[in-house]
Amino acid sequence: MVGEIGVRGVSKSFPLEGGDVEALKGIDLNIASGSFISLIGPSGCGKSTLLRLVAGLVEASEGEITLDSRRIEGPGCERGFVFQEHTLFPWLNIYQNVAFGLKMQGLYKERKGDVDEWIETVSLKGFEKSFPHQLSGGMCQRASLARALVVKPKVLLLDEPLGALDAFTRMNMQEELLRIWAAHRMTMVMVTHDVDEAIYLSDRVVIFSPRPGRTDEIVDIELSRPRARNDEGFIFYRRKILGHLNFGGIRKDPNYSI
Amino acid sequence: MPNAPGHPRVAAHYFTYFLIIAGALYLAALAASVFAAKLGERLVYRGAFISGVFIFLTVLNLATSKFALLPVLYFPSLDKVFGVIVEERALLAKCISYSARLLFIGYFLGAVAGVCTGICIGFNKTVSYWVSPLVRVLGPIPSTAWVPLVLVVFPSAVSASAFLVGLAVWFPTTVMTSSGVSNVPQAYFEVGSTLGAKGARNIFSIGVPAAMPHIFLGLFNGTCASFITLVTAEMIGAKYGIGWYINWQKDMLSYANVYAGLFIIGVIFSILISGLFRLRDKMLVWQKGVIKW
Ligand SMILES: Nc1ncnc2c1ncn2[C@@H]1O[C@H](COP(=O)(O)OP(=O)(O)OP(=O)(O)O)[C@@H](O)[C@H]1O
Ligand SMILES: [Mg+2]
């Protein structure tokens, strides 16, 4: 198994006028290979920053991050990334977008078939020739997913990938993610604001404290799959995680999720 | 209706011929549109504009040949202007081919140099540091100001003229390309890097296509600038050329010929620009509904 991520003593601060902003402080986290991890926490606590650190898009101020015991320096194609807003290239059609990674690595000729396969997996067959602006938000996000997966990353990093979608599309995409994860057994790390989504999908939920972000609490979700959103165990975890999120002892409406 | 006595006699009533030919063409197009619905739609859409042009020409004709309301020297009759085009067609055709060659060489070199400079400035901080100020200083210098220097530096008049045209194209193309490249959203490069894009791939697979709409804007402005410069560029030792023709006829005070030259420049320019628009629409289908300009 590959795709094990180690985060050791990682801090990150951004220089800002009038002093630095500490986004993350002393994060320690081990992500087992092939597991599904959700990061959850209040806005601005550094979830995206951690994901970007793992992707190699930014550099840690302190500490180190490893992938399969090798230190991460800079971005690489073994770590795929899906952003909240789809970042499909508007000048390429869906097929070309999905094929982009293979072309960049000079693997397109041998693995042409993978492109069609992934387009089919994310149910976009028939839209190969469409441009991103001709598709709905959900379709674009599915295409982004296919584009990230076609290069066979060991780790898939997802920054609120479903945040911009309506509830219905969202649930469909959750199923799709689970299917892909089960079939390909890669490590997935997802940032989400939706507690139910985190419980439904993840093996572990990492809860962040407000800025500077720290890993407050790690909740292992010990529910068998497929999971039902309204059974007792599910509701237990929901209450538990919401409890952790109500920091500072202020009781909030238990249905409220950040 | 007879012409006003002040105007010199013309060999033939060319404007009348022009009207007859244009009218016949219009009628033919109308007849054809019975079979081609699309052409009909275009005709209806353009109808007002076409009528406008003819009303304007008629007013102009009345004001010049018929009543001589405007100074005859500066406002020759339309008969004369069209007459020049017909009677001097051999010379004019030669001029057009000379100008076309000059424009083509100058535009091509200027556009290539502009896109390259723009890309370098957009992607490389060091190049940007040293070259951007240079571009800003060189760009606004009018081409007339270059003439003495260019005459000394370049071995032949043609290369000097081509340089002037190229320079005029180079400036807007460089500016638009570099601003296009530096405005490409960072997210595209980030996605690219997680998909294995490195170095030059970043530039040619992400930066340039993303900046393409800006590059085209630069090329449009460049086309405009190249035509404006043409007259200046052909002041220096050109043997033929539309710009040269206009200069020469202006010195001879034959304004009918000057207008004929200007008319030809206008027609060629609009043909080129619509060609460039077509090319853009073809190359940038993706940006329909994404970017508007
Ligand atoms: N490039 C940057 N420059 C300066 N400050 C930054 C930068 N990126 C992030 N920050 C700061 O770091 C902190 C954490 O940002 P981050 O985007 O990681 O939060 P987040 O947990 O993803 O929030 P959200 O849930 O709203 O997406 C914020 O206070 C933000 O202002
Ligand atoms: Mg975020």
# chains A, B, ... in the order shown; residues from 1 in each chain; ligands from 1
>>> residues_near_ligand(ligand="ligand 1", cutoff="10 Å", atoms="only C-alpha atoms and all ligand atoms", output="ChimeraX atom specification")
/A:12-17,20-24,39-53,58,84,159-160,191-193,208-213,258
>>> interface_residues(of="chain B", to="chain A", cutoff="9 Å", atoms="only C-alpha atoms", output="PyMOL selection string")
chain B and resi 187-188+190-198+201+205-206+209-210+284-290
>>> closest_residue(among="A:Met186, A:Pro161, A:Phe236, A:Met173", to="ligand 2", atoms="only C-alpha atoms and all ligand atoms")
A:Pro161
>>> atom_distance(atom1="CA of Cys116 (chain B)", atom2="CA of Trp170 (chain B)")
9.7 Å
>>> select_by_dssp(residues="region 26-153 of chain A", states="strand (DSSP E)", output="PDB file with N, CA, C and O atoms, in the first residue's frame")
ATOM      1  N   GLY A  26       1.925  23.741  14.979  1.00  0.00           N
ATOM      2  CA  GLY A  26       2.274  22.447  15.538  1.00  0.00           C
ATOM      3  C   GLY A  26       1.308  21.327  15.208  1.00  0.00           C
ATOM      4  O   GLY A  26       0.757  20.678  16.098  1.00  0.00           O
ATOM      5  N   ILE A  27       1.115  21.095  13.942  1.00  0.00           N
ATOM      6  CA  ILE A  27       0.210  20.022  13.538  1.00  0.00           C
ATOM      7  C   ILE A  27       0.960  18.696  13.482  1.00  0.00           C
ATOM      8  O   ILE A  27       2.029  18.597  12.863  1.00  0.00           O
ATOM      9  N   ASP A  28       0.421  17.692  14.140  1.00  0.00           N
ATOM     10  CA  ASP A  28       0.932  16.325  14.013  1.00  0.00           C
ATOM     11  C   ASP A  28      -0.210  15.451  13.555  1.00  0.00           C
ATOM     12  O   ASP A  28      -1.287  15.455  14.158  1.00  0.00           O
ATOM     13  N   LEU A  29       0.024  14.714  12.496  1.00  0.00           N
ATOM     14  CA  LEU A  29      -1.071  13.931  11.938  1.00  0.00           C
ATOM     15  C   LEU A  29      -0.487  12.803  11.114  1.00  0.00           C
ATOM     16  O   LEU A  29       0.472  12.989  10.380  1.00  0.00           O
ATOM     17  N   ASN A  30      -1.055  11.604  11.331  1.00  0.00           N
ATOM     18  CA  ASN A  30      -0.652  10.505  10.471  1.00  0.00           C
ATOM     19  C   ASN A  30      -1.859  10.050   9.682  1.00  0.00           C
ATOM     20  O   ASN A  30      -2.922   9.817  10.252  1.00  0.00           O
ATOM     21  N   ILE A  31      -1.707   9.947   8.396  1.00  0.00           N
ATOM     22  CA  ILE A  31      -2.824   9.510   7.568  1.00  0.00           C
ATOM     23  C   ILE A  31      -2.420   8.182   6.944  1.00  0.00           C
ATOM     24  O   ILE A  31      -1.477   8.115   6.146  1.00  0.00           O
ATOM     25  N   PHE A  36      -9.690   7.338   4.233  1.00  0.00           N
ATOM     26  CA  PHE A  36     -10.441   8.538   3.850  1.00  0.00           C
ATOM     27  C   PHE A  36     -10.514   9.432   5.074  1.00  0.00           C
ATOM     28  O   PHE A  36     -11.081   9.062   6.090  1.00  0.00           O
ATOM     29  N   ILE A  37      -9.909  10.612   4.986  1.00  0.00           N
ATOM     30  CA  ILE A  37      -9.837  11.525   6.121  1.00  0.00           C
ATOM     31  C   ILE A  37     -10.582  12.807   5.784  1.00  0.00           C
ATOM     32  O   ILE A  37     -10.457  13.319   4.677  1.00  0.00           O
ATOM     33  N   SER A  38     -11.361  13.301   6.740  1.00  0.00           N
ATOM     34  CA  SER A  38     -11.978  14.615   6.552  1.00  0.00           C
ATOM     35  C   SER A  38     -11.366  15.605   7.519  1.00  0.00           C
ATOM     36  O   SER A  38     -11.073  15.268   8.667  1.00  0.00           O
ATOM     37  N   LEU A  39     -11.172  16.818   7.044  1.00  0.00           N
ATOM     38  CA  LEU A  39     -10.720  17.910   7.907  1.00  0.00           C
ATOM     39  C   LEU A  39     -11.903  18.848   8.069  1.00  0.00           C
ATOM     40  O   LEU A  39     -12.524  19.266   7.089  1.00  0.00           O
ATOM     41  N   ILE A  40     -12.204  19.161   9.325  1.00  0.00           N
ATOM     42  CA  ILE A  40     -13.377  20.005   9.560  1.00  0.00           C
ATOM     43  C   ILE A  40     -13.002  21.029  10.623  1.00  0.00           C
ATOM     44  O   ILE A  40     -12.135  20.776  11.463  1.00  0.00           O
ATOM     45  N   GLU A  62       7.648  25.544   9.538  1.00  0.00           N
ATOM     46  CA  GLU A  62       8.336  24.638  10.468  1.00  0.00           C
ATOM     47  C   GLU A  62       7.804  23.235  10.251  1.00  0.00           C
ATOM     48  O   GLU A  62       6.676  23.055   9.814  1.00  0.00           O
ATOM     49  N   GLY A  63       8.613  22.261  10.611  1.00  0.00           N
ATOM     50  CA  GLY A  63       8.163  20.881  10.540  1.00  0.00           C
ATOM     51  C   GLY A  63       8.280  20.302   9.141  1.00  0.00           C
ATOM     52  O   GLY A  63       8.755  20.973   8.217  1.00  0.00           O
ATOM     53  N   GLU A  64       7.857  19.051   9.027  1.00  0.00           N
ATOM     54  CA  GLU A  64       7.955  18.441   7.702  1.00  0.00           C
ATOM     55  C   GLU A  64       6.768  17.539   7.411  1.00  0.00           C
ATOM     56  O   GLU A  64       6.090  17.035   8.310  1.00  0.00           O
ATOM     57  N   ILE A  65       6.509  17.364   6.129  1.00  0.00           N
ATOM     58  CA  ILE A  65       5.429  16.507   5.676  1.00  0.00           C
ATOM     59  C   ILE A  65       6.039  15.444   4.776  1.00  0.00           C
ATOM     60  O   ILE A  65       6.894  15.746   3.931  1.00  0.00           O
ATOM     61  N   THR A  66       5.652  14.201   5.028  1.00  0.00           N
ATOM     62  CA  THR A  66       6.213  13.134   4.209  1.00  0.00           C
ATOM     63  C   THR A  66       5.108  12.366   3.508  1.00  0.00           C
ATOM     64  O   THR A  66       3.977  12.293   3.980  1.00  0.00           O
ATOM     65  N   LEU A  67       5.470  11.818   2.361  1.00  0.00           N
ATOM     66  CA  LEU A  67       4.585  10.888   1.660  1.00  0.00           C
ATOM     67  C   LEU A  67       5.375   9.602   1.496  1.00  0.00           C
ATOM     68  O   LEU A  67       6.454   9.608   0.897  1.00  0.00           O
ATOM     69  N   ARG A  70       8.940   9.835   2.395  1.00  0.00           N
ATOM     70  CA  ARG A  70       9.802  10.770   1.670  1.00  0.00           C
ATOM     71  C   ARG A  70       9.280  12.174   1.852  1.00  0.00           C
ATOM     72  O   ARG A  70       8.091  12.423   1.740  1.00  0.00           O
ATOM     73  N   ARG A  71      10.206  13.083   2.154  1.00  0.00           N
ATOM     74  CA  ARG A  71       9.828  14.452   2.415  1.00  0.00           C
ATOM     75  C   ARG A  71       9.239  15.099   1.163  1.00  0.00           C
ATOM     76  O   ARG A  71       9.750  14.931   0.060  1.00  0.00           O
ATOM     77  N   ARG A  79       0.218  13.455  -6.076  1.00  0.00           N
ATOM     78  CA  ARG A  79      -0.778  14.047  -5.183  1.00  0.00           C
ATOM     79  C   ARG A  79      -1.736  14.901  -6.002  1.00  0.00           C
ATOM     80  O   ARG A  79      -1.389  15.995  -6.434  1.00  0.00           O
ATOM     81  N   GLY A  80      -2.915  14.366  -6.240  1.00  0.00           N
ATOM     82  CA  GLY A  80      -3.912  15.098  -7.031  1.00  0.00           C
ATOM     83  C   GLY A  80      -4.645  16.108  -6.157  1.00  0.00           C
ATOM     84  O   GLY A  80      -4.701  15.969  -4.942  1.00  0.00           O
ATOM     85  N   PHE A  81      -5.190  17.129  -6.806  1.00  0.00           N
ATOM     86  CA  PHE A  81      -5.853  18.196  -6.044  1.00  0.00           C
ATOM     87  C   PHE A  81      -7.149  18.569  -6.748  1.00  0.00           C
ATOM     88  O   PHE A  81      -7.168  18.752  -7.961  1.00  0.00           O
ATOM     89  N   VAL A  82      -8.236  18.648  -5.984  1.00  0.00           N
ATOM     90  CA  VAL A  82      -9.490  19.160  -6.538  1.00  0.00           C
ATOM     91  C   VAL A  82      -9.898  20.370  -5.705  1.00  0.00           C
ATOM     92  O   VAL A  82     -10.011  20.278  -4.490  1.00  0.00           O
TER      93      VAL A  82
END
>>> atom_distance(atom1="CA of Ala145 (chain B)", atom2="CA of Cys120 (chain B)")
27.3 Å
>>> residues_around(residues="Ala111 (chain B)", least_positions_apart="3", cutoff="10 Å", atoms="only C-alpha atoms", output="list in words")
Ile105, Gly106, Tyr107, Phe108, Gly114, Val115, Cys116, Thr117, Gly166, Leu167, Ala168, Val169, Trp170, Phe171, Pro172, Thr173, Thr174, Ile215, Gly218, Leu219, Gly222 and Thr223 of chain B
>>> atom_distance(atom1="CA of Lys66 (chain B)", atom2="CA of Leu262 (chain B)")
23.0 Å
>>> residues_around(residues="Met212 (chain B)", least_positions_apart="5", cutoff="9 Å", atoms="only C-alpha atoms", output="number ranges by chain")
B: 177, 180-181, 207, 217, 283-284
>>> write_last_selection(atoms="C-alpha atoms", output="PDB file, in the first residue's frame")
ATOM      1  CA  THR B 177       0.578  39.867 -24.189  1.00  0.00           C
ATOM      2  CA  GLY B 180      -2.463  38.870 -20.390  1.00  0.00           C
ATOM      3  CA  VAL B 181       0.168  36.449 -19.148  1.00  0.00           C
ATOM      4  CA  GLY B 207       0.068  30.691 -19.776  1.00  0.00           C
ATOM      5  CA  LEU B 217      -6.432  42.355 -28.520  1.00  0.00           C
ATOM      6  CA  MET B 283      -9.388  29.984 -32.194  1.00  0.00           C
ATOM      7  CA  LEU B 284     -11.229  31.238 -29.164  1.00  0.00           C
TER       8      LEU B 284
END
>>> residues_around(residues="region 158-162 of chain B", least_positions_apart="5", cutoff="8 Å", atoms="only C-alpha atoms", output="PyMOL selection string")
chain B and resi 102-103+105-106+150-151+233-234+236+238
>>> write_last_selection(atoms="all heavy atoms", output="mmCIF file, in the first residue's frame")
data_model
loop_
_atom_site.group_PDB
_atom_site.id
_atom_site.type_symbol
_atom_site.label_atom_id
_atom_site.label_comp_id
_atom_site.auth_asym_id
_atom_site.auth_seq_id
_atom_site.Cartn_x
_atom_site.Cartn_y
_atom_site.Cartn_z
ATOM 1 N N LEU B 102 5.137 45.236 -47.660
ATOM 2 C CA LEU B 102 5.722 45.945 -46.523
ATOM 3 C C LEU B 102 4.938 45.657 -45.242
ATOM 4 O O LEU B 102 5.512 45.322 -44.194
ATOM 5 C CB LEU B 102 5.702 47.444 -46.819
ATOM 6 C CG LEU B 102 6.259 48.349 -45.735
ATOM 7 C CD1 LEU B 102 7.718 48.039 -45.506
ATOM 8 C CD2 LEU B 102 6.091 49.798 -46.126
ATOM 9 N N LEU B 103 3.617 45.756 -45.357
ATOM 10 C CA LEU B 103 2.773 45.504 -44.188
ATOM 11 C C LEU B 103 2.966 44.079 -43.689
ATOM 12 O O LEU B 103 3.093 43.834 -42.494
ATOM 13 C CB LEU B 103 1.302 45.687 -44.552
ATOM 14 C CG LEU B 103 0.730 47.085 -44.414
ATOM 15 C CD1 LEU B 103 -0.713 47.085 -44.848
ATOM 16 C CD2 LEU B 103 0.844 47.566 -42.976
ATOM 17 N N ILE B 105 5.515 41.937 -44.078
ATOM 18 C CA ILE B 105 6.809 41.707 -43.423
ATOM 19 C C ILE B 105 6.845 42.394 -42.062
ATOM 20 O O ILE B 105 7.166 41.792 -41.039
ATOM 21 C CB ILE B 105 7.964 42.238 -44.305
ATOM 22 C CG1 ILE B 105 7.991 41.464 -45.622
ATOM 23 C CG2 ILE B 105 9.293 42.110 -43.583
ATOM 24 C CD1 ILE B 105 8.965 42.038 -46.635
ATOM 25 N N GLY B 106 6.467 43.684 -42.074
ATOM 26 C CA GLY B 106 6.530 44.454 -40.824
ATOM 27 C C GLY B 106 5.607 43.883 -39.766
ATOM 28 O O GLY B 106 5.998 43.691 -38.617
ATOM 29 N N VAL B 150 16.370 55.709 -38.203
ATOM 30 C CA VAL B 150 16.158 54.485 -38.975
ATOM 31 C C VAL B 150 16.875 54.573 -40.325
ATOM 32 O O VAL B 150 17.460 53.612 -40.804
ATOM 33 C CB VAL B 150 14.638 54.276 -39.147
ATOM 34 C CG1 VAL B 150 14.348 53.393 -40.330
ATOM 35 C CG2 VAL B 150 14.055 53.679 -37.882
ATOM 36 N N LEU B 151 16.865 55.766 -40.912
ATOM 37 C CA LEU B 151 17.509 55.955 -42.223
ATOM 38 C C LEU B 151 19.004 55.688 -42.126
ATOM 39 O O LEU B 151 19.617 55.170 -43.058
ATOM 40 C CB LEU B 151 17.265 57.383 -42.717
ATOM 41 C CG LEU B 151 15.941 57.580 -43.429
ATOM 42 C CD1 LEU B 151 15.792 59.026 -43.867
ATOM 43 C CD2 LEU B 151 15.841 56.651 -44.631
ATOM 44 N N ALA B 233 5.937 55.356 -42.951
ATOM 45 C CA ALA B 233 6.987 54.419 -43.352
ATOM 46 C C ALA B 233 7.286 54.558 -44.832
ATOM 47 O O ALA B 233 8.422 54.382 -45.263
ATOM 48 C CB ALA B 233 6.561 52.990 -43.022
ATOM 49 N N GLU B 234 6.290 54.904 -45.608
ATOM 50 C CA GLU B 234 6.516 55.004 -47.047
ATOM 51 C C GLU B 234 6.950 56.411 -47.471
ATOM 52 O O GLU B 234 7.100 56.679 -48.658
ATOM 53 C CB GLU B 234 5.252 54.568 -47.811
ATOM 54 C CG GLU B 234 5.076 53.063 -47.720
ATOM 55 C CD GLU B 234 3.885 52.537 -48.489
ATOM 56 O OE1 GLU B 234 2.995 53.336 -48.861
ATOM 57 O OE2 GLU B 234 3.852 51.327 -48.711
ATOM 58 N N ILE B 236 9.821 57.391 -46.537
ATOM 59 C CA ILE B 236 11.268 57.293 -46.703
ATOM 60 C C ILE B 236 11.608 56.388 -47.884
ATOM 61 O O ILE B 236 11.612 55.177 -47.784
ATOM 62 C CB ILE B 236 11.959 56.798 -45.412
ATOM 63 C CG1 ILE B 236 11.175 55.628 -44.788
ATOM 64 C CG2 ILE B 236 12.053 57.914 -44.419
ATOM 65 C CD1 ILE B 236 11.832 55.086 -43.541
ATOM 66 N N ALA B 238 10.370 55.165 -50.507
ATOM 67 C CA ALA B 238 9.636 54.066 -51.129
ATOM 68 C C ALA B 238 9.438 54.386 -52.606
ATOM 69 O O ALA B 238 9.324 55.552 -52.993
ATOM 70 C CB ALA B 238 8.294 53.883 -50.445
#
